[in-house]
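Below is the file work-v7.cif, which contains mmCIF, C-alpha atoms and all ligand atoms.
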data_structure
loop_
_atom_site.label_atom_id
_atom_site.label_comp_id
_atom_site.auth_asym_id
_atom_site.auth_seq_id
_atom_site.Cartn_x
_atom_site.Cartn_y
_atom_site.Cartn_z
CA MET A 446 4.05 23.72 -8.54
CA LEU A 447 0.65 22.08 -8.27
CA ASP A 448 -2.56 23.92 -8.97
CA ILE A 449 -4.39 22.65 -5.90
CA ASN A 450 -7.62 24.53 -6.58
CA SER A 451 -7.95 22.92 -9.94
CA ILE A 452 -6.92 19.49 -8.58
CA ARG A 453 -9.58 19.72 -5.84
CA LYS A 454 -12.27 20.18 -8.50
CA ASP A 455 -11.40 16.67 -9.73
CA PHE A 456 -12.52 15.24 -6.36
CA PRO A 457 -16.10 16.45 -5.69
CA ILE A 458 -16.38 14.46 -2.43
CA ILE A 459 -13.68 16.51 -0.70
CA GLU A 460 -15.80 19.62 -1.16
CA SER A 461 -18.77 18.05 0.65
CA THR A 462 -19.98 18.82 4.17
CA VAL A 463 -20.43 16.60 7.21
CA TYR A 464 -22.51 17.75 10.22
CA GLY A 465 -22.93 21.00 8.28
CA LYS A 466 -19.17 21.61 8.25
CA PRO A 467 -16.80 21.39 5.30
CA LEU A 468 -15.24 17.94 5.21
CA VAL A 469 -11.52 17.83 5.96
CA TYR A 470 -10.52 14.43 4.67
CA LEU A 471 -7.27 13.31 6.31
CA ASP A 472 -7.68 9.54 6.10
CA ASN A 473 -5.83 9.04 2.84
CA GLY A 474 -3.64 6.28 4.26
CA ALA A 475 -6.76 4.14 4.62
CA THR A 476 -8.10 4.99 1.19
CA THR A 477 -7.83 7.90 -1.20
CA GLN A 478 -10.72 9.68 -2.89
CA LYS A 479 -11.23 9.11 -6.61
CA PRO A 480 -10.88 11.72 -9.32
CA LEU A 481 -13.78 12.12 -11.75
CA CYS A 482 -11.78 10.53 -14.56
CA VAL A 483 -11.57 7.27 -12.57
CA ILE A 484 -15.27 7.36 -11.68
CA ASP A 485 -16.11 8.08 -15.33
CA LYS A 486 -13.93 5.18 -16.45
CA LEU A 487 -15.83 2.75 -14.22
CA ARG A 488 -19.13 3.96 -15.64
CA ASP A 489 -17.77 3.86 -19.17
CA GLY A 490 -16.57 0.29 -18.60
CA TYR A 491 -20.00 -0.97 -17.60
CA LEU A 492 -21.76 1.17 -20.20
CA HIS A 493 -19.64 0.32 -23.23
CA HIS A 494 -17.06 -2.40 -22.60
CA ASN A 495 -18.67 -5.00 -20.37
CA ALA A 496 -18.10 -8.61 -21.42
CA ASN A 497 -16.03 -11.29 -19.76
CA VAL A 498 -12.39 -11.18 -20.77
CA HIS A 499 -10.14 -13.76 -22.43
CA ARG A 500 -12.81 -16.30 -23.23
CA GLY A 501 -14.95 -14.70 -25.89
CA VAL A 502 -14.67 -14.66 -29.67
CA HIS A 503 -17.21 -11.85 -29.91
CA PHE A 504 -16.34 -8.20 -30.36
CA LEU A 505 -17.24 -6.96 -26.90
CA SER A 506 -15.23 -9.66 -25.15
CA GLN A 507 -12.19 -8.90 -27.27
CA ASP A 508 -12.63 -5.22 -26.62
CA ALA A 509 -12.79 -5.80 -22.83
CA THR A 510 -9.77 -8.11 -23.05
CA ASP A 511 -7.74 -5.50 -24.95
CA LEU A 512 -8.57 -2.84 -22.36
CA HIS A 513 -7.73 -5.16 -19.46
CA GLU A 514 -4.42 -6.21 -21.00
CA SER A 515 -3.56 -2.58 -21.80
CA ALA A 516 -4.15 -1.85 -18.12
CA ARG A 517 -1.62 -4.53 -17.27
CA GLN A 518 0.88 -2.87 -19.62
CA ARG A 519 0.14 0.46 -17.97
CA VAL A 520 1.01 -1.00 -14.56
CA GLN A 521 4.15 -2.56 -16.03
CA GLN A 522 5.19 0.83 -17.33
CA PHE A 523 4.29 2.54 -14.04
CA LEU A 524 6.50 0.18 -12.03
CA ASN A 525 9.04 -0.22 -14.84
CA ALA A 526 8.73 -4.00 -14.77
CA ARG A 527 10.61 -5.95 -17.42
CA GLU A 528 7.48 -7.52 -18.95
CA SER A 529 3.74 -7.33 -18.44
CA ALA A 530 3.61 -11.06 -17.58
CA GLU A 531 5.29 -10.10 -14.31
CA ILE A 532 2.21 -8.07 -13.33
CA ILE A 533 -0.44 -10.15 -11.57
CA PHE A 534 -3.78 -8.52 -10.81
CA THR A 535 -5.12 -9.29 -7.33
CA ARG A 536 -7.74 -7.80 -5.02
CA GLY A 537 -5.15 -5.66 -3.26
CA THR A 538 -2.00 -5.62 -1.17
CA THR A 539 -3.41 -8.14 1.27
CA GLU A 540 -4.19 -10.71 -1.38
CA SER A 541 -0.83 -10.10 -3.08
CA ILE A 542 1.08 -10.81 0.14
CA ASN A 543 -1.07 -13.85 0.89
CA LEU A 544 -0.38 -15.14 -2.61
CA VAL A 545 3.38 -14.89 -2.10
CA ALA A 546 3.25 -16.29 1.44
CA TYR A 547 1.25 -19.27 0.21
CA SER A 548 2.95 -19.93 -3.10
CA PHE A 549 6.55 -18.93 -2.35
CA GLY A 550 6.11 -20.68 1.00
CA GLU A 551 4.89 -23.81 -0.77
CA ALA A 552 7.80 -23.85 -3.20
CA PHE A 553 10.73 -22.60 -1.17
CA MET A 554 10.08 -22.85 2.57
CA ASN A 555 10.16 -25.79 4.93
CA GLU A 556 10.03 -26.31 8.66
CA GLY A 557 12.61 -24.15 10.40
CA ASP A 558 13.11 -21.82 7.41
CA GLU A 559 12.92 -18.13 8.25
CA VAL A 560 11.23 -15.00 6.95
CA ILE A 561 12.37 -11.59 8.19
CA VAL A 562 9.74 -8.87 8.66
CA THR A 563 9.90 -5.68 10.74
CA ASP A 564 8.16 -4.29 13.79
CA MET A 565 6.34 -1.73 11.62
CA GLU A 566 4.47 -4.17 9.39
CA HIS A 567 0.77 -4.06 8.63
CA HIS A 568 -1.06 -7.18 9.84
CA SER A 569 -1.27 -8.43 6.26
CA ASN A 570 2.51 -8.83 6.25
CA ILE A 571 2.51 -10.64 9.58
CA VAL A 572 -0.56 -12.85 9.64
CA SER A 573 0.04 -14.20 6.11
CA TRP A 574 3.36 -15.57 7.40
CA GLN A 575 1.74 -16.86 10.58
CA LEU A 576 -0.62 -18.93 8.41
CA LEU A 577 2.45 -20.41 6.72
CA GLN A 578 3.99 -20.91 10.13
CA ALA A 579 0.93 -22.92 11.20
CA ARG A 580 1.03 -24.94 7.99
CA LYS A 581 4.74 -25.59 7.66
CA GLY A 582 6.47 -24.58 10.89
CA ILE A 583 8.45 -21.67 9.47
CA VAL A 584 10.02 -19.08 11.78
CA ILE A 585 9.16 -15.36 11.69
CA ARG A 586 11.92 -12.99 12.76
CA HIS A 587 11.24 -9.29 13.19
CA ALA A 588 13.59 -6.32 13.00
CA ARG A 589 13.20 -3.61 15.61
CA LEU A 590 13.09 0.16 15.29
CA ASN A 591 15.30 2.91 16.75
CA GLU A 592 14.11 5.83 18.87
CA LEU A 593 13.10 7.85 15.78
CA GLN A 594 10.99 4.88 14.67
CA GLU A 595 13.32 4.12 11.78
CA LEU A 596 14.40 0.56 11.05
CA ASP A 597 17.41 -0.55 13.08
CA LEU A 598 19.43 -1.78 10.09
CA GLU A 599 22.12 -3.44 12.19
CA HIS A 600 19.49 -5.45 13.99
CA LEU A 601 17.84 -6.37 10.71
CA GLN A 602 21.16 -7.58 9.30
CA SER A 603 21.85 -9.57 12.47
CA LEU A 604 18.64 -11.57 11.85
CA PHE A 605 19.98 -13.16 8.66
CA SER A 606 20.93 -16.82 9.00
CA GLU A 607 21.48 -19.92 6.87
CA ARG A 608 17.74 -20.50 7.09
CA THR A 609 16.60 -17.05 5.86
CA ARG A 610 14.46 -17.55 2.76
CA LEU A 611 12.82 -14.14 2.31
CA VAL A 612 12.73 -10.58 3.65
CA SER A 613 9.24 -9.07 3.52
CA LEU A 614 8.94 -5.45 4.55
CA THR A 615 6.98 -2.31 4.03
CA HIS A 616 8.37 0.49 1.90
CA VAL A 617 6.57 3.18 3.91
CA SER A 618 4.95 2.65 7.32
CA ASN A 619 1.21 3.37 7.33
CA VAL A 620 1.45 4.49 10.97
CA LEU A 621 4.80 6.28 11.23
CA GLY A 622 5.36 7.49 7.69
CA THR A 623 8.89 6.10 7.94
CA VAL A 624 10.36 5.52 4.47
CA ASN A 625 12.56 2.45 4.68
CA PRO A 626 15.86 2.30 2.77
CA VAL A 627 14.59 -0.64 0.74
CA LYS A 628 17.30 -0.43 -1.93
CA LYS A 629 19.99 -0.82 0.70
CA ILE A 630 18.13 -3.71 2.32
CA ILE A 631 17.58 -5.43 -1.02
CA ASP A 632 21.29 -5.13 -1.90
CA TYR A 633 22.24 -6.59 1.46
CA ALA A 634 19.70 -9.42 1.21
CA HIS A 635 20.84 -10.27 -2.31
CA SER A 636 24.44 -10.45 -1.11
CA LYS A 637 23.13 -13.31 1.06
CA ASN A 638 21.08 -14.76 -1.84
CA VAL A 639 17.82 -13.85 -0.10
CA PRO A 640 14.95 -12.35 -2.13
CA VAL A 641 12.90 -9.38 -0.91
CA LEU A 642 9.20 -8.53 -1.02
CA VAL A 643 8.37 -4.83 -0.74
CA ASP A 644 4.91 -3.78 0.47
CA GLY A 645 4.28 -0.62 -1.54
CA ALA A 646 0.73 0.09 -0.30
CA GLN A 647 1.86 3.37 1.24
CA SER A 648 4.68 4.22 -1.14
CA VAL A 649 3.31 4.21 -4.69
CA PRO A 650 0.84 7.06 -4.05
CA HIS A 651 3.65 9.28 -2.76
CA LEU A 652 6.95 8.45 -4.42
CA LYS A 653 8.34 7.12 -7.68
CA VAL A 654 8.95 3.39 -7.74
CA ASP A 655 11.11 1.56 -10.27
CA VAL A 656 11.15 -2.16 -9.53
CA GLN A 657 14.13 -2.80 -11.80
CA ALA A 658 16.20 -0.04 -10.18
CA LEU A 659 15.22 -1.35 -6.73
CA ASP A 660 15.84 -4.90 -7.94
CA CYS A 661 13.13 -6.14 -5.54
CA ASP A 662 11.87 -9.66 -6.17
CA PHE A 663 8.23 -8.87 -5.34
CA PHE A 664 6.40 -5.56 -5.06
CA VAL A 665 2.74 -5.22 -4.04
CA PHE A 666 0.22 -2.39 -3.86
CA SER A 667 -3.53 -1.60 -3.71
CA GLY A 668 -5.41 0.37 -6.34
CA HIS A 669 -7.67 2.15 -3.87
CA LYS A 670 -4.77 3.84 -2.08
CA ILE A 671 -3.52 5.39 -5.32
CA TYR A 672 -6.76 7.10 -6.39
CA GLY A 673 -7.99 3.96 -8.17
CA PRO A 674 -11.00 1.76 -7.49
CA THR A 675 -11.41 -0.72 -4.65
CA GLY A 676 -11.14 -4.41 -5.38
CA VAL A 677 -8.01 -4.34 -7.49
CA GLY A 678 -4.35 -4.54 -6.61
CA VAL A 679 -1.06 -5.67 -8.00
CA LEU A 680 1.62 -8.23 -7.39
CA TYR A 681 4.81 -7.64 -9.33
CA GLY A 682 7.18 -10.59 -9.21
CA LYS A 683 10.34 -11.43 -11.09
CA ARG A 684 9.62 -14.12 -13.64
CA GLU A 685 12.45 -16.27 -12.27
CA TRP A 686 10.45 -16.64 -9.03
CA LEU A 687 6.90 -16.65 -10.39
CA ASP A 688 7.73 -19.39 -12.90
CA LYS A 689 8.80 -21.67 -10.09
CA MET A 690 5.86 -20.92 -7.79
CA PRO A 691 2.69 -23.06 -7.78
CA PRO A 692 -0.77 -21.53 -8.35
CA TYR A 693 -2.45 -19.90 -5.37
CA GLN A 694 -6.03 -20.69 -6.35
CA GLY A 695 -7.59 -23.09 -8.84
CA GLY A 696 -10.31 -22.26 -11.34
CA GLY A 697 -10.92 -20.84 -14.76
CA GLU A 698 -8.22 -18.89 -16.57
CA MET A 699 -5.29 -20.36 -14.63
CA ILE A 700 -5.32 -23.64 -16.55
CA LYS A 701 -4.20 -24.81 -19.98
CA THR A 702 -6.00 -28.15 -19.98
CA VAL A 703 -8.11 -29.93 -17.41
CA SER A 704 -9.03 -33.56 -17.08
CA PHE A 705 -9.82 -35.65 -14.04
CA GLU A 706 -6.43 -37.28 -14.45
CA VAL A 707 -4.08 -34.40 -15.31
CA THR A 708 -4.40 -30.63 -15.29
CA THR A 709 -1.80 -28.31 -16.76
CA PHE A 710 -1.45 -24.70 -15.70
CA ASN A 711 -1.49 -21.58 -17.79
CA GLU A 712 1.53 -19.36 -18.35
CA LEU A 713 2.26 -16.12 -16.49
CA PRO A 714 0.47 -14.01 -15.45
CA TYR A 715 -2.71 -16.12 -15.81
CA LYS A 716 -1.39 -18.97 -13.68
CA PHE A 717 -2.04 -16.71 -10.68
CA GLU A 718 -5.34 -15.21 -11.84
CA ALA A 719 -8.01 -17.84 -11.23
CA GLY A 720 -11.55 -16.77 -12.08
CA THR A 721 -12.95 -13.62 -13.64
CA PRO A 722 -10.70 -10.67 -12.87
CA ASP A 723 -12.13 -7.28 -11.93
CA PHE A 724 -11.56 -6.13 -15.50
CA ILE A 725 -13.58 -2.94 -15.15
CA SER A 726 -11.48 -1.85 -12.17
CA THR A 727 -8.12 -2.75 -13.72
CA VAL A 728 -8.89 -0.33 -16.54
CA ALA A 729 -9.91 2.37 -14.08
CA LEU A 730 -6.72 1.72 -12.11
CA ALA A 731 -4.75 2.46 -15.27
CA THR A 732 -6.65 5.76 -15.51
CA ALA A 733 -5.71 6.55 -11.90
CA LEU A 734 -2.04 5.92 -12.72
CA ASP A 735 -2.35 8.22 -15.74
CA TYR A 736 -3.87 10.86 -13.47
CA VAL A 737 -1.12 10.62 -10.84
CA GLU A 738 1.63 10.68 -13.44
CA ALA A 739 0.06 13.66 -15.21
CA ILE A 740 0.32 15.60 -11.95
CA GLY A 741 3.81 14.19 -11.50
CA LEU A 742 5.18 12.17 -8.60
CA ASP A 743 8.11 14.55 -8.10
CA ASP A 744 5.73 17.48 -7.64
CA ILE A 745 3.42 15.38 -5.47
CA MET A 746 6.35 14.43 -3.25
CA GLU A 747 7.50 18.02 -2.92
CA TYR A 748 4.04 19.37 -2.14
CA GLU A 749 3.18 16.65 0.36
CA HIS A 750 6.53 17.19 2.06
CA GLN A 751 5.63 20.85 2.41
CA LEU A 752 2.33 19.82 4.08
CA LEU A 753 4.21 17.47 6.39
CA THR A 754 6.71 20.14 7.45
CA PHE A 755 3.93 22.65 8.05
CA CYS A 756 1.93 20.17 10.12
CA THR A 757 4.99 19.04 12.11
CA ASP A 758 5.88 22.66 12.98
CA GLU A 759 2.29 23.39 14.05
CA PHE A 760 2.05 20.17 16.08
CA HIS A 761 5.23 21.03 18.00
CA LYS A 762 3.46 24.11 19.34
CA ILE A 763 0.57 22.07 20.84
CA PRO A 764 1.02 21.37 24.58
CA GLY A 765 1.19 17.66 25.43
CA MET A 766 1.65 16.62 21.79
CA ARG A 767 3.46 13.32 21.19
CA ILE A 768 4.33 12.48 17.58
CA PHE A 769 4.99 8.85 16.66
CA GLY A 770 7.33 8.62 13.69
CA ASN A 771 10.16 11.09 13.52
CA ALA A 772 12.21 9.46 10.78
CA HIS A 773 14.59 11.55 8.71
CA GLU A 774 12.87 10.22 5.61
CA LYS A 775 9.18 10.42 6.21
CA SER A 776 6.05 10.49 4.10
CA ALA A 777 3.07 12.76 4.84
CA VAL A 778 1.55 10.90 7.79
CA MET A 779 1.14 12.24 11.34
CA SER A 780 0.44 9.76 14.12
CA PHE A 781 -0.05 11.41 17.48
CA LEU A 782 -1.49 11.49 20.97
CA VAL A 783 -2.11 14.53 23.13
CA GLY A 784 -1.60 14.22 26.89
CA ASP A 785 -3.67 11.32 28.13
CA ILE A 786 -6.61 11.95 25.79
CA HIS A 787 -7.71 8.61 24.40
CA HIS A 788 -7.15 8.37 20.65
CA TYR A 789 -10.76 7.35 20.17
CA ASP A 790 -12.07 10.45 22.00
CA MET A 791 -9.82 12.69 19.93
CA GLY A 792 -10.97 11.05 16.68
CA MET A 793 -14.68 11.22 17.60
CA LEU A 794 -14.52 14.88 18.57
CA LEU A 795 -12.49 15.86 15.50
CA ASP A 796 -15.11 14.07 13.42
CA LYS A 797 -17.82 16.32 14.87
CA LEU A 798 -15.79 19.25 13.51
CA GLY A 799 -15.83 17.66 10.06
CA ILE A 800 -12.27 16.36 10.31
CA ALA A 801 -11.81 12.73 9.21
CA VAL A 802 -8.82 11.07 10.85
CA ARG A 803 -8.18 7.43 11.74
CA THR A 804 -7.81 6.13 15.28
CA GLY A 805 -6.66 2.84 16.77
CA HIS A 806 -3.86 0.41 16.05
CA HIS A 807 -4.01 0.91 12.27
CA CYS A 808 -3.68 -2.85 11.66
CA ALA A 809 -0.23 -2.71 13.24
CA GLU A 810 -0.73 -4.09 16.74
CA PRO A 811 2.85 -5.37 17.14
CA LEU A 812 4.05 -1.82 16.40
CA MET A 813 1.71 -0.47 19.09
CA HIS A 814 3.18 -3.03 21.51
CA SER A 815 6.72 -1.92 20.68
CA LEU A 816 5.72 1.73 21.18
CA GLY A 817 4.00 0.82 24.45
CA ILE A 818 0.64 2.32 23.44
CA LEU A 819 -2.81 1.06 22.48
CA GLY A 820 -3.30 3.26 19.47
CA THR A 821 -2.79 6.68 17.92
CA VAL A 822 -4.71 9.30 16.02
CA ARG A 823 -3.49 9.39 12.43
CA ALA A 824 -3.82 12.19 9.90
CA SER A 825 -2.59 11.11 6.46
CA PHE A 826 -2.29 13.60 3.64
CA SER A 827 -2.79 13.68 -0.09
CA PHE A 828 -1.81 16.26 -2.71
CA TYR A 829 -5.41 17.54 -2.61
CA ASN A 830 -5.06 18.60 1.03
CA THR A 831 -4.11 22.15 1.92
CA GLU A 832 -2.37 24.10 4.68
CA GLU A 833 -5.77 25.60 5.54
CA GLU A 834 -7.05 22.09 6.26
CA ILE A 835 -4.06 21.45 8.50
CA GLU A 836 -4.82 24.70 10.32
CA LYS A 837 -8.35 23.35 10.90
CA LEU A 838 -6.89 20.10 12.23
CA VAL A 839 -4.58 21.99 14.59
CA ALA A 840 -7.42 24.25 15.79
CA GLY A 841 -9.59 21.14 16.29
CA ILE A 842 -6.90 19.40 18.35
CA ARG A 843 -6.47 22.52 20.50
CA ARG A 844 -10.23 22.68 21.04
CA VAL A 845 -10.43 19.03 22.10
CA SER A 846 -7.40 19.49 24.37
CA LYS A 847 -9.16 22.40 26.08
CA MET A 848 -12.28 20.26 26.62
CA PHE A 849 -10.05 17.79 28.44
CA GLY A 850 -8.63 20.59 30.60
CA MET A 851 -5.27 20.77 28.89
N1 LIG B 1 0.21 -2.76 3.91
C1 LIG B 1 0.19 -1.48 4.30
C2 LIG B 1 1.49 -0.80 4.62
C3 LIG B 1 -1.02 -0.81 4.37
O1 LIG B 1 -1.04 0.48 4.76
C4 LIG B 1 -2.22 -1.47 4.04
C5 LIG B 1 -3.56 -0.78 4.15
N2 LIG B 1 -3.74 -0.04 5.31
C6 LIG B 1 -2.14 -2.80 3.64
C7 LIG B 1 -0.91 -3.41 3.58
C8 LIG B 1 -3.36 -3.58 3.27
O2 LIG B 1 -3.93 -3.04 2.12
P1 LIG B 1 -5.34 -3.53 1.58
O3 LIG B 1 -6.27 -3.47 2.74
O4 LIG B 1 -5.67 -2.56 0.51
O5 LIG B 1 -5.16 -4.92 1.07
#
For this file, write the structure as structure tokens.
Amino acid sequence: MLDINSIRKDFPIIESTVYGKPLVYLDNGATTQKPLCVIDKLRDGYLHHNANVHRGVHFLSQDATDLHESARQRVQQFLNARESAEIIFTRGTTESINLVAYSFGEAFMNEGDEVIVTDMEHHSNIVSWQLLQARKGIVIRHARLNELQELDLEHLQSLFSERTRLVSLTHVSNVLGTVNPVKKIIDYAHSKNVPVLVDGAQSVPHLKVDVQALDCDFFVFSGHKIYGPTGVGVLYGKREWLDKMPPYQGGGEMIKTVSFEVTTFNELPYKFEAGTPDFISTVALATALDYVEAIGLDDIMEYEHQLLTFCTDEFHKIPGMRIFGNAHEKSAVMSFLVGDIHHYDMGMLLDKLGIAVRTGHHCAEPLMHSLGILGTVRASFSFYNTEEEIEKLVAGIRRVSKMFGM
């Protein structure tokens, strides 16, 4: 089992105080805190390895390039991709999805062609397709959820048609915690010759992902949600797709030769990496992946599940509690409302007790519409959280409820 006391020492910020109270940081779905080794790596990068990558003949540039390319190999290994050229560095999940929506859309989608998403998508996996819709007249179809807020698989399957070109769905819902059966969906989609993009923003920090075992065609995630730095993310894509897709942005690095008459593009992965990459952060992301794997994703999963069970049991004892997301397979996220207390009031008052939760629509407004609510309060857990912190959350919710006469 995990040595939580020792793990917590790696994250000084979670031992800080707000309003004179110990911070209880339960907003890990939005971003995770960074262990010292990641912070040190960023400092080390700027102190000792800072020169622009790929273009220099001098020592420091080659050194920075080697570190950056090793980081790519580390991500390849982490996701078990076939080759490191299938790993594209981006700014995050959002940019990765936009890249696919633009470039896959450019190559493979025409007016009337369809993409299937779900009712639990983050805005980044909806609006990116709406931009393509505005540009090319594609059609967005969306699969609904059942009463436990799991995907209605029959409905999803019924959305497939002759015009379906891609399924793009989240692995784990950032609001509900629902873990989607992506392997099953990928197998079904492939039986119809339809590729699948998996949004792994909320899955990679909590469960083991093997892109070859899943056989997904694209997989995307953000560094900052997996204990890495902001500003860096990943797009994994199968070479067979990426090779056929046009560049997303033009600039340095993504070209082989440029003239005013003819420009030729670079090979993978550089074709999709215009401009100077965030090479200090890619290296620190690799350190974050080392850190997570040293703790062990199996142990992380088990411990976080324990936190989730504890929190769920405690929440069920709170009068007026409504939990959104009751999937059989669920990651450690609790979205809730109590009575008719506005989510914003609950969040503000918990904050005054030192408890950081997120409130609102969580960038998933269509999901809020389908649930018939405006927003929720969301507590999202990490392996550095404890049952004592959940007890504080529960006591805080009870205190706020009492203030509202419940
Ligand atoms: N998809 C999901 C499921 C998410 O939870 C998030 C972040 N909340 C995103 C996409 C967007 O990630 P980012 O803002 O890091 O690009």
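What separates atom CA of Phe663 of chain A from atom CA of Ala646 of chain A is a distance of 12.7 Å.
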How would you write, as a compact mmCIF listing (two decimals) with C-alpha atoms, keeping the file's coordinate frame, the set of residues no farther than 8 Å from ligand LIG 1 (chain B) when counting only C-alpha atoms and all ligand atoms?
# COMPACT_ATOMS: atom_id res chain seq x y z
CA GLY A 474 -3.64 6.28 4.26
CA ALA A 475 -6.76 4.14 4.62
CA THR A 476 -8.10 4.99 1.19
CA ARG A 536 -7.74 -7.80 -5.02
CA GLY A 537 -5.15 -5.66 -3.26
CA THR A 538 -2.00 -5.62 -1.17
CA THR A 539 -3.41 -8.14 1.27
CA GLU A 540 -4.19 -10.71 -1.38
CA SER A 541 -0.83 -10.10 -3.08
CA GLU A 566 4.47 -4.17 9.39
CA HIS A 567 0.77 -4.06 8.63
CA HIS A 568 -1.06 -7.18 9.84
CA SER A 569 -1.27 -8.43 6.26
CA ASN A 570 2.51 -8.83 6.25
CA THR A 615 6.98 -2.31 4.03
CA HIS A 616 8.37 0.49 1.90
CA VAL A 617 6.57 3.18 3.91
CA SER A 618 4.95 2.65 7.32
CA ASN A 619 1.21 3.37 7.33
CA VAL A 620 1.45 4.49 10.97
CA ASP A 644 4.91 -3.78 0.47
CA GLY A 645 4.28 -0.62 -1.54
CA ALA A 646 0.73 0.09 -0.30
CA GLN A 647 1.86 3.37 1.24
CA PHE A 666 0.22 -2.39 -3.86
CA SER A 667 -3.53 -1.60 -3.71
CA GLY A 668 -5.41 0.37 -6.34
CA HIS A 669 -7.67 2.15 -3.87
CA LYS A 670 -4.77 3.84 -2.08
CA THR A 675 -11.41 -0.72 -4.65
CA GLY A 678 -4.35 -4.54 -6.61
CA HIS A 807 -4.01 0.91 12.27
CA CYS A 808 -3.68 -2.85 11.66
Exercise. Write out as a PyMOL selection string which residues come within 10 Å of Ala772 of chain A when counting all atoms listed in the file, dropping same-chain ones fewer than 5 positions away.
Key: chain A and resi 591-596+621-625
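Across the structure, atom CA of Gln518 of chain A and atom CA of Leu730 of chain A are spaced 11.6 Å apart.
What separates atom CA of Val498 of chain A from atom CA of Pro722 of chain A is a distance of 8.1 Å.
Among A:Asp743, A:Val778, A:Glu531, A:Arg803, the residue with the shortest atom-to-atom distance to Asp688 of chain A, counting only C-alpha atoms, is A:Glu531.
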Self-check item: Proximity to Asp660 of chain A - best of A:Glu685, A:Asp489, A:Asp632, A:Glu706, all atoms listed in the file
Solution: A:Asp632
Practice problem: May I have the residues within 12 Å of Pro714 of chain A as a PyMOL selection string, using all atoms listed in the file and disregarding those fewer than 5 positions away in the same chain? | Solution: chain A and resi 514+517-518+528-535+679-684+687-688+690+692+698-700+719+722
Self-check item: Non-local contacts of segment 483-486 of chain A (6 Å; only C-alpha atoms; under 5 positions in same chain excluded) as a PyMOL selection string
Solution: chain A and resi 729+732-733
Using the file's own x, y and z axes, so that the box edges lie along x, y and z, what centre and edge lengths in Å (one decimal) does a box around every listed atom of segment 573-581 of chain A get when 4 Å is added on each side? Give it as AutoDock Vina command-line options.
--center_x 2.1 --center_y -19.9 --center_z 8.7 --size_x 13.4 --size_y 19.4 --size_z 13.1
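Closest to His651 of chain A among A:Phe781, A:Phe664, A:Tyr748, A:Phe553 is A:Tyr748, based on all atoms listed in the file.
Distances here use all atoms listed in the file; by that measure, the residue among A:Asp785, A:His513, A:Asp790, A:Leu795 closest to Ile818 of chain A is A:Asp785.
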Exercise. For Leu734 of chain A, work out the shell of residues within 12 Å, counting all atoms listed in the file and skipping chain neighbours fewer than 4 positions away, then give it as an MDAnalysis selection string.
Key: chainID A and resid 479:480 482:483 516:524 649:651 653 667:674 727:730 738:742
Practice problem: Have a look at A:Val562, A:Leu505, A:Ala824, A:Val639 and name the one nearest to Tyr470 of chain A; count only C-alpha atoms. | Solution: A:Ala824
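By only C-alpha atoms, and with residues fewer than 4 positions from Asp796 of chain A along its chain excluded, the set lying at most 12 Å from it is Thr462, Val463, Tyr464, Gly465, Lys466, Pro467, Leu468, Val469, Tyr470, Leu471, Asp472, Tyr789, Asp790, Met791, Gly792, Ile800, Ala801, Val802, Arg803, Thr804, Val822, Ala824, Lys837, Leu838, Gly841, Ile842 and Val845 of chain A.
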